[in-house]
Amino acid sequence: MKKQIEDLVYSALQQLASQGLIPAETLTRPKIDRTKDSSHGDFATNAALVLAKPAGRNPRELAQALVGALPASKLVEKCEIAGPGFINFTLTQDAYHELIPQILQQGHGFGRSDLGAGRKVQVEYVSANPTGPLHVGHGRGAAYGSVVADLLEAVGYQVHREYYVNDAGRQMDILATSVWLRYLELCDATLTFPANGYKGDYVWDIAATLHRDHGEAYRHDAAEVFDGVPADEPAGGDKEAHIDGLIGQAKKLLGDNRYRFVFELGLNAILDDIRDDLSLFGVRYDEWYSERSLTESGAVNRVIERLRSGGYLYEKEGALWFRSTDFGDDLDRVVVRENGQTTYFASDIAYHLDKLERGFDRVIDIWGADHHGYVPRVKAALSALGNQAEKLDVLLVQFAILYRNGAKVQMSTRSGEFVTLRELRKEVGADAARFFYVMRKCEQHMDFDLDLAKSQSSDNPVYYVQYAHARICSVLQQAAEQQIVIESDPRAVDYHCLNEAHEQALMTRLAKYPEILELSALNEEPHQLTHYLRDLATDFHTYYNAHKFLIEDEALRNARLQLILATRQVLRNGLGLLGVSAPDKM
RNA sequence: GCGCCCGUAGCUCAGUUGGAUAGAGUACAGCCCUCCGAAGGCUGGGGUCACAGGUUCAAAUCCUGUCGGGCGCGCCA
């Protein structure tokens, strides 16, 4: 509907421009807004106000000319000039009455569009290190990323969902070493677990699997393992040097094959857990992309060569640096360490280059806000490699701060004190958790009250929306029990009897759905959709309390039932995009 | 110190990209089931849009500065 009004105004503007009333160079698509106040009609444009200055005319006078130039339309009941020069449009009843059968015929497709025209967009989200189970912080990125992907698909983009698996690097070595040390403890060794090791119970579980399946095949004496390793921090040493020493011992004593086996065991156990967890959270991927594969295929070395031959690298203090400051970063960044190993950043350059070479028109990374300082260096690298940095958008999701008993919950993966996503899901359900996570825009810090979320009370807005859906289903169930036949062809129903203010409000809300979908998809703002669904549910609940649907008057009954059927369809469509179920009964 | 995000009702948050009288939920007070599900509806109070300037027909929204909160500033990932 909005688009049609926009077309009308644009055509009027073109006419004014051809008459010389407004300068031709100011001719653009007009801005059309929904009105806040129904006394202002359905839509309004500020075109006359904006153009008054360049045209050198009084805004109301210009508005008058604009209204005069509007083509006739059966959509528009009337248009009025108001206030300083707004033009308000009131739609005809017929415009709304056509909407109901339109919704019911399009069904699942109602609200969807082809704005994206099949352009390829990649969305990468979560990508948490496989060093432990996902925690509630990752949950926000998971819910947000998957909904953004679904929304983009709904408006016509071809979406590729991807998880970048950080299966290389020091953190993974720390995990493998942690597993091995726990295994040694299961072999009755007495040792002091490193301060910097992973201490969660899941490490014990993986160690237990190793011990159960392979007995003492990986056993070495603790004294031998800790021989020559620098002291740990609690013992007055350096925890980083201590853990690095232990990693070195693990590699040396186990040898390549056995070390690799422990490493893979840990990685796969955790990755399987993450996959399973996300899948149960309704989060799916088209691809799990391995960081290690970039090293093994030589892609990392190739990208370093490209940067070197472009003259973007230099040596300093034994390391190889990328001149990211040439592209707006604060500092230059190391790509090859003094010890000859490439950095995580080097892999990430190769990874992002690969994304662009795979032919995506747009690449969206969804990161935790704590990584924001990382954005300029990745963009810098892409600029150095060929000016495609603008295809990359990094969306930063702010932290969800957890509260329990009114106090902040401290989280640390290392100490093992964290609430897992799995735990959250089990306690509040995937529906409530997902809805809750995307209810706020991503750049907003979020207070996540665990007690409230766990309470399963009606305070959680997801129940309110789901209840509207269940209530409609219940009405239809009642109709069936009363042997009431519902007209099966929505086009055969006359909607002119829908004269109540509540009915008009509901129809207006339904008409807005495609606009909301477009807005939330193009701006990556799922919260617009959650707010809309709440409003739609309110409109329905209000209507339900004010009027009966299963009434004697057959014509009115049929019209009302079609209206609530259309409402149910839009509730389903919206909840579906959020990955939240629409239950028939609760 | 520098950079990014945030500051709107007691609390948690929206605010259609600069529009008309700043809105929801929650909490609090009162009312509504012989009636399709009360997990609901209706009514009410509650605001210096952090503060100070600036830009213009118009600012919660844009610019500058100040204050307050969060996060980041590794040859970790």
# chains A, B, ... in the order shown; residues from 1 in each chain; ligands from 1

$ interface_residues --of "chain B" --to "chain A" --cutoff "9 Å" --atoms "only C-alpha atoms (C1' of nucleotides)" --output "list in words"
G3, C4, C5, C6, U12, C13, A14, U16, G19, A20, A24, G25, U26, C35, C36, G37, A39, G40, G41, C57, G70, C71, G72, C73, C75, C76 and A77 of chain B

$ select_by_dssp --residues "segment 72-294 of chain A" --states "strand (DSSP E or B)" --output "PyMOL selection string"
chain A and resi 76-82+86-91+120-124+135+158-165+287-290

$ select_by_dssp --residues "segment 436-540 of chain A" --states "alpha helix (DSSP H)" --output "PyMOL selection string"
chain A and resi 436-437+450-454+461-481+501-522+526-540

$ residues_around --residues "Leu21 of chain A" --least-positions-apart "4" --cutoff "8 Å" --atoms "only C-alpha atoms (C1' of nucleotides)" --output "NGL selection string"
:A and (16-17 or 55)

$ write_last_selection --atoms "C-alpha atoms" --output "JSON list (two decimals), in the first residue's frame"
[["chain", "number", "residue", "atom", "x", "y", "z"],
["A", 16, "LEU", "CA", 5.15, 19.73, -11.07],
["A", 17, "ALA", "CA", 8.76, 19.51, -12.21],
["A", 55, "ALA", "CA", 11.09, 25.82, -5.06]]

$ atom_distance --atom1 "atom CA of Asp232 of chain A" --atom2 "atom CA of Ala217 of chain A"
27.1 Å

$ atom_distance --atom1 "atom CA of Val155 of chain A" --atom2 "atom CA of Arg112 of chain A"
5.4 Å

$ residues_around --residues "G54 of chain B" --least-positions-apart "3" --cutoff "12 Å" --atoms "only C-alpha atoms (C1' of nucleotides)" --output "list in words"
A59, C62, C63, U64 and G65 of chain B

$ residues_around --residues "Val438 of chain A" --least-positions-apart "4" --cutoff "9 Å" --atoms "only C-alpha atoms (C1' of nucleotides)" --output "ChimeraX atom specification"
/A:140,143-144,147,433-434,442,525-527,530,578

$ write_last_selection --atoms "all heavy atoms" --output "tab-separated table (two decimals), in the first residue's frame"
chain	number	residue	atom	x	y	z
A	140	ARG	N	22.77	-14.86	22.15
A	140	ARG	CA	22.24	-13.66	21.53
A	140	ARG	C	22.67	-13.55	20.08
A	140	ARG	O	21.88	-13.23	19.20
A	140	ARG	CB	22.66	-12.41	22.31
A	140	ARG	CG	22.00	-11.16	21.82
A	140	ARG	CD	22.30	-9.93	22.68
A	140	ARG	NE	21.51	-8.79	22.19
A	140	ARG	CZ	21.62	-7.57	22.66
A	140	ARG	NH1	22.46	-7.30	23.64
A	140	ARG	NH2	20.88	-6.60	22.16
A	143	ALA	N	20.70	-16.21	18.02
A	143	ALA	CA	19.31	-15.85	17.74
A	143	ALA	C	19.28	-14.68	16.75
A	143	ALA	O	18.56	-14.71	15.74
A	143	ALA	CB	18.60	-15.47	19.03
A	144	TYR	N	20.10	-13.68	17.00
A	144	TYR	CA	20.11	-12.49	16.15
A	144	TYR	C	20.54	-12.85	14.73
A	144	TYR	O	19.88	-12.50	13.75
A	144	TYR	CB	21.04	-11.44	16.75
A	144	TYR	CG	21.15	-10.18	15.93
A	144	TYR	CD1	20.11	-9.25	15.92
A	144	TYR	CD2	22.28	-9.93	15.15
A	144	TYR	CE1	20.20	-8.10	15.15
A	144	TYR	CE2	22.38	-8.78	14.39
A	144	TYR	CZ	21.33	-7.87	14.40
A	144	TYR	OH	21.43	-6.75	13.63
A	147	VAL	N	17.94	-14.96	12.77
A	147	VAL	CA	16.75	-14.20	12.38
A	147	VAL	C	17.09	-13.20	11.26
A	147	VAL	O	16.34	-13.05	10.31
A	147	VAL	CB	16.10	-13.49	13.58
A	147	VAL	CG1	14.95	-12.61	13.13
A	147	VAL	CG2	15.61	-14.50	14.61
A	433	ALA	N	13.52	-17.97	24.81
A	433	ALA	CA	14.89	-17.48	24.73
A	433	ALA	C	15.12	-16.72	23.43
A	433	ALA	O	15.68	-15.64	23.42
A	433	ALA	CB	15.87	-18.63	24.86
A	434	ARG	N	14.65	-17.29	22.32
A	434	ARG	CA	14.85	-16.62	21.03
A	434	ARG	C	14.14	-15.29	20.96
A	434	ARG	O	14.70	-14.29	20.53
A	434	ARG	CB	14.35	-17.53	19.89
A	434	ARG	CG	15.28	-18.65	19.55
A	434	ARG	CD	14.76	-19.40	18.34
A	434	ARG	NE	14.91	-18.60	17.13
A	434	ARG	CZ	15.70	-18.94	16.11
A	434	ARG	NH1	16.38	-20.05	16.14
A	434	ARG	NH2	15.79	-18.16	15.06
A	442	CYS	N	20.52	-4.74	18.26
A	442	CYS	CA	21.76	-5.39	18.64
A	442	CYS	C	22.74	-4.46	19.34
A	442	CYS	O	23.52	-4.89	20.18
A	442	CYS	CB	22.41	-6.06	17.43
A	442	CYS	SG	23.03	-4.91	16.19
A	525	GLU	N	17.07	-5.39	11.80
A	525	GLU	CA	16.46	-5.07	13.10
A	525	GLU	C	15.29	-5.98	13.42
A	525	GLU	O	14.12	-5.58	13.29
A	525	GLU	CB	15.99	-3.60	13.10
A	525	GLU	CG	17.14	-2.61	13.09
A	525	GLU	CD	16.68	-1.16	13.10
A	525	GLU	OE1	15.51	-0.88	12.77
A	525	GLU	OE2	17.51	-0.31	13.43
A	526	PRO	N	15.59	-7.21	13.86
A	526	PRO	CA	14.50	-8.13	14.20
A	526	PRO	C	13.55	-7.58	15.28
A	526	PRO	O	12.40	-7.97	15.32
A	526	PRO	CB	15.22	-9.37	14.74
A	526	PRO	CG	16.61	-9.27	14.24
A	526	PRO	CD	16.91	-7.82	14.05
A	527	HIS	N	14.06	-6.68	16.11
A	527	HIS	CA	13.20	-6.19	17.20
A	527	HIS	C	11.97	-5.46	16.67
A	527	HIS	O	10.94	-5.42	17.33
A	527	HIS	CB	13.99	-5.29	18.15
A	527	HIS	CG	14.28	-3.92	17.62
A	527	HIS	ND1	15.34	-3.66	16.78
A	527	HIS	CD2	13.64	-2.74	17.79
A	527	HIS	CE1	15.33	-2.36	16.47
A	527	HIS	NE2	14.32	-1.80	17.06
A	530	THR	N	9.37	-8.15	16.49
A	530	THR	CA	8.81	-8.58	17.78
A	530	THR	C	7.83	-7.52	18.32
A	530	THR	O	6.78	-7.86	18.84
A	530	THR	CB	9.90	-8.83	18.85
A	530	THR	OG1	10.58	-7.62	19.15
A	530	THR	CG2	10.90	-9.87	18.40
A	578	LEU	N	10.88	-15.53	13.28
A	578	LEU	CA	11.66	-15.40	14.51
A	578	LEU	C	12.13	-16.76	15.01
A	578	LEU	O	12.88	-16.85	15.98
A	578	LEU	CB	10.83	-14.73	15.60
A	578	LEU	CG	10.39	-13.29	15.34
A	578	LEU	CD1	9.49	-12.81	16.47
A	578	LEU	CD2	11.60	-12.36	15.22
